[in-house]
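**Student:** Just one file: entry-v2.txt, with compact mmCIF, C-alpha atoms.
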# COMPACT_ATOMS: atom_id res chain seq x y z
CA MET A 12 104.21 0.50 8.51
CA ARG A 13 106.96 -1.96 9.32
CA TYR A 14 106.40 -5.71 9.06
CA ALA A 15 107.80 -7.89 11.84
CA LEU A 16 108.89 -11.39 10.89
CA GLY A 17 106.96 -14.07 12.71
CA ARG A 18 107.93 -17.63 13.50
CA LEU A 19 106.41 -18.96 10.27
CA ASP A 20 108.29 -16.38 8.22
CA LEU A 21 111.57 -17.30 9.87
CA THR A 22 110.84 -20.99 9.33
CA LEU A 23 110.16 -20.34 5.66
CA LEU A 24 113.47 -18.50 5.33
CA ALA A 25 115.25 -21.36 7.13
CA LEU A 26 113.62 -23.91 4.82
CA LEU A 27 114.69 -21.94 1.76
CA GLY A 28 118.25 -21.69 3.08
CA LEU A 29 118.36 -25.40 3.86
CA THR A 30 117.07 -26.16 0.36
CA LEU A 31 119.92 -24.14 -1.13
CA ALA A 32 122.35 -25.96 1.18
CA THR A 33 120.98 -29.29 -0.04
CA MET A 34 121.52 -28.27 -3.65
CA ALA A 35 125.08 -27.11 -2.90
CA VAL A 36 126.02 -30.29 -1.03
CA ALA A 37 124.50 -32.59 -3.63
CA GLY A 38 126.68 -31.11 -6.36
CA ALA A 39 129.86 -30.55 -4.37
CA THR A 40 131.26 -33.96 -3.44
CA ARG A 41 131.66 -37.40 -4.91
CA ALA A 42 131.23 -39.69 -1.87
CA PRO A 43 127.66 -40.98 -2.32
CA VAL A 44 127.09 -42.30 1.20
CA LEU A 45 128.40 -39.08 2.74
CA VAL A 46 126.32 -36.91 0.40
CA ASP A 47 123.22 -38.98 1.09
CA GLY A 48 123.82 -38.69 4.83
CA ILE A 49 124.22 -34.91 4.66
CA VAL A 50 121.20 -34.46 2.39
CA LEU A 51 119.06 -36.65 4.62
CA ALA A 52 120.26 -34.82 7.74
CA ILE A 53 119.21 -31.55 6.14
CA ALA A 54 115.89 -33.15 5.19
CA ALA A 55 115.40 -34.24 8.82
CA ILE A 56 116.05 -30.69 10.02
CA LYS A 57 113.57 -29.36 7.48
CA GLY A 58 111.01 -31.98 8.47
CA ARG A 59 111.38 -31.11 12.14
CA ARG A 60 110.86 -27.41 11.40
CA ILE A 61 107.74 -28.24 9.39
CA LEU A 62 106.41 -30.49 12.17
CA LEU A 63 106.99 -27.93 14.88
CA ASP A 64 105.94 -24.74 13.13
CA TYR A 65 103.60 -25.49 10.24
CA LEU A 66 101.85 -28.44 11.87
CA ASP A 67 101.98 -26.55 15.19
CA LEU A 68 103.40 -29.42 17.20
CA ARG A 69 105.48 -26.91 19.16
CA SER A 70 102.43 -26.29 21.35
CA ALA A 71 101.35 -29.96 21.39
CA PRO A 72 102.06 -32.34 24.27
CA ALA A 73 105.59 -33.75 24.43
CA LEU A 74 104.33 -37.23 23.56
CA TRP A 75 103.00 -36.07 20.19
CA ARG A 76 106.18 -34.14 19.41
CA GLY A 77 108.24 -37.17 20.35
CA LEU A 78 106.17 -39.58 18.28
CA ALA A 79 106.22 -37.34 15.22
CA THR A 80 109.96 -36.77 15.52
CA ALA A 81 110.62 -40.48 16.03
CA TRP A 82 108.56 -41.27 12.93
CA LEU A 83 110.53 -38.70 10.94
CA MET A 84 113.88 -40.06 12.16
CA LEU A 85 112.77 -43.61 11.36
CA ILE A 86 111.93 -42.63 7.78
CA VAL A 87 115.24 -40.77 7.38
CA GLY A 88 117.16 -43.70 8.89
CA PHE A 89 115.55 -46.21 6.54
CA ALA A 90 116.23 -43.94 3.56
CA TRP A 91 119.90 -43.63 4.51
CA ALA A 92 120.22 -47.39 5.13
CA ALA A 93 118.68 -48.15 1.74
CA SER A 94 121.07 -45.71 0.11
CA ALA A 95 124.08 -47.16 1.93
CA VAL A 96 123.15 -50.73 1.04
CA SER A 97 122.69 -49.85 -2.63
CA VAL A 98 126.14 -48.21 -2.70
CA LEU A 99 127.92 -50.94 -0.75
CA LEU A 100 126.50 -53.92 -2.64
CA PRO A 101 128.43 -54.92 -5.75
CA PRO A 102 126.66 -54.34 -9.06
CA PRO A 103 124.99 -57.44 -10.56
Please go through the file and, once you have read it, give me the structure as structure tokens.

**Tutor:**
Amino acid sequence: MRYALGRLDLTLLALLGLTLATMAVAGATRAPVLVDGIVLAIAAIKGRRILLDYLDLRSAPALWRGLATAWLMLIVGFAWAASAVSVLLPPP
């Protein structure tokens, strides 16, 4: 019997691939703000996949999807801003 990959299986494979990409990017470059931006962008993509597929917001009303995505982007934006400020401020 042959097993067909479902949406959750494909999402899991995508999350694993994005995790490997995060590890590769984090160790590949020296520009901290750029690395943080790339890592957080990958985290936002992973978070969106989790929201849509594992929390089943793909079949939810557009308002719920929009609110959850906005919340996720707000968290990622604040994390990147905190990272950028800590890099740009001179050490004490």

**Student:** Could you jot down the CA of Thr80 (chain A) to CA of Leu66 (chain A) separation for me, Å, one decimal place?

**Tutor:**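 Distance between the two atoms: 12.2 Å.
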
**Student:** As a short mmCIF file (atom, residue, chain, number, x, y, z; two decimals) with C-alpha atoms, in the coordinates of the input, please: the residues near Ala25 (chain A) (cut-off 12 Å, all atoms listed in the file, same-chain neighbours under 2 positions excluded).

**Tutor:**
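Contents of around06.cif, as written:
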data_model
loop_
_atom_site.label_atom_id
_atom_site.label_comp_id
_atom_site.auth_asym_id
_atom_site.auth_seq_id
_atom_site.Cartn_x
_atom_site.Cartn_y
_atom_site.Cartn_z
CA ARG A 18 107.93 -17.63 13.50
CA LEU A 19 106.41 -18.96 10.27
CA ASP A 20 108.29 -16.38 8.22
CA LEU A 21 111.57 -17.30 9.87
CA THR A 22 110.84 -20.99 9.33
CA LEU A 23 110.16 -20.34 5.66
CA LEU A 27 114.69 -21.94 1.76
CA GLY A 28 118.25 -21.69 3.08
CA LEU A 29 118.36 -25.40 3.86
CA THR A 30 117.07 -26.16 0.36
CA LEU A 31 119.92 -24.14 -1.13
CA ALA A 32 122.35 -25.96 1.18
CA ILE A 53 119.21 -31.55 6.14
CA ALA A 54 115.89 -33.15 5.19
CA ILE A 56 116.05 -30.69 10.02
CA LYS A 57 113.57 -29.36 7.48
CA GLY A 58 111.01 -31.98 8.47
CA ARG A 59 111.38 -31.11 12.14
CA ARG A 60 110.86 -27.41 11.40
CA ILE A 61 107.74 -28.24 9.39
CA ASP A 64 105.94 -24.74 13.13
#

**Student:** Between CA of Leu62 (chain A) and CA of Val87 (chain A), what is the distance, to one decimal in Å?

**Tutor:**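 Atom-to-atom, CA of Leu62 (chain A) to CA of Val87 (chain A), that is 14.4 Å.
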
**Student:** How far is it from CA of Ala79 (chain A) to CA of Leu51 (chain A), in Å with one decimal?

**Tutor:** 16.7 Å

**Student:** Would you please work out which residue, of A:Ala52, A:Leu16, A:Leu24, A:Val98, is nearest to Ile86 (chain A) when using all atoms listed in the file?

**Tutor:**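 The shortest atom-to-atom distance to Ile86 (chain A) comes from A:Ala52.
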
**Student:** Looking at all atoms listed in the file, which of A:Ala37, A:Leu68, A:Ala55, A:Val50 is the one that sits closest to Leu85 (chain A)?

**Tutor:**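 Looking only at the distances to Leu85 (chain A), the closest residue turns out to be A:Ala55.
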
**Student:** With 5 Å of padding per side, what axis-aligned box (centre and edge lengths, Å, one decimal) covers all the listed atoms of region 69-77 of chain A? Give it as lines of an AutoDock Vina configuration file.

**Tutor:**
center_x = 104.8
center_y = -31.8
center_z = 21.8
size_x = 16.9
size_y = 20.9
size_z = 15.3

**Student:** Give the answer as one residue: which of A:Gly48, A:Pro72, A:Pro102, A:Gly77 has the shortest atom-to-atom distance to Ala90 (chain A), using all atoms listed in the file?

**Tutor:**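 For Ala90 (chain A), the nearest of the given residues is A:Gly48.
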
**Student:** Between A:Met12, A:Val36, A:Leu45, A:Trp82, which residue has the minimum interatomic distance to Ser94 (chain A), considering only C-alpha atoms?

**Tutor:**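 Selected residue with least distance to Ser94 (chain A): A:Leu45.
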
**Student:** Identify which of the residues A:Leu63, A:Ala35, A:Val46, A:Leu26 lies closest to Trp91 (chain A), counting only C-alpha atoms when measuring atom-to-atom distances.

**Tutor:**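 Nearest to Trp91 (chain A): A:Val46.
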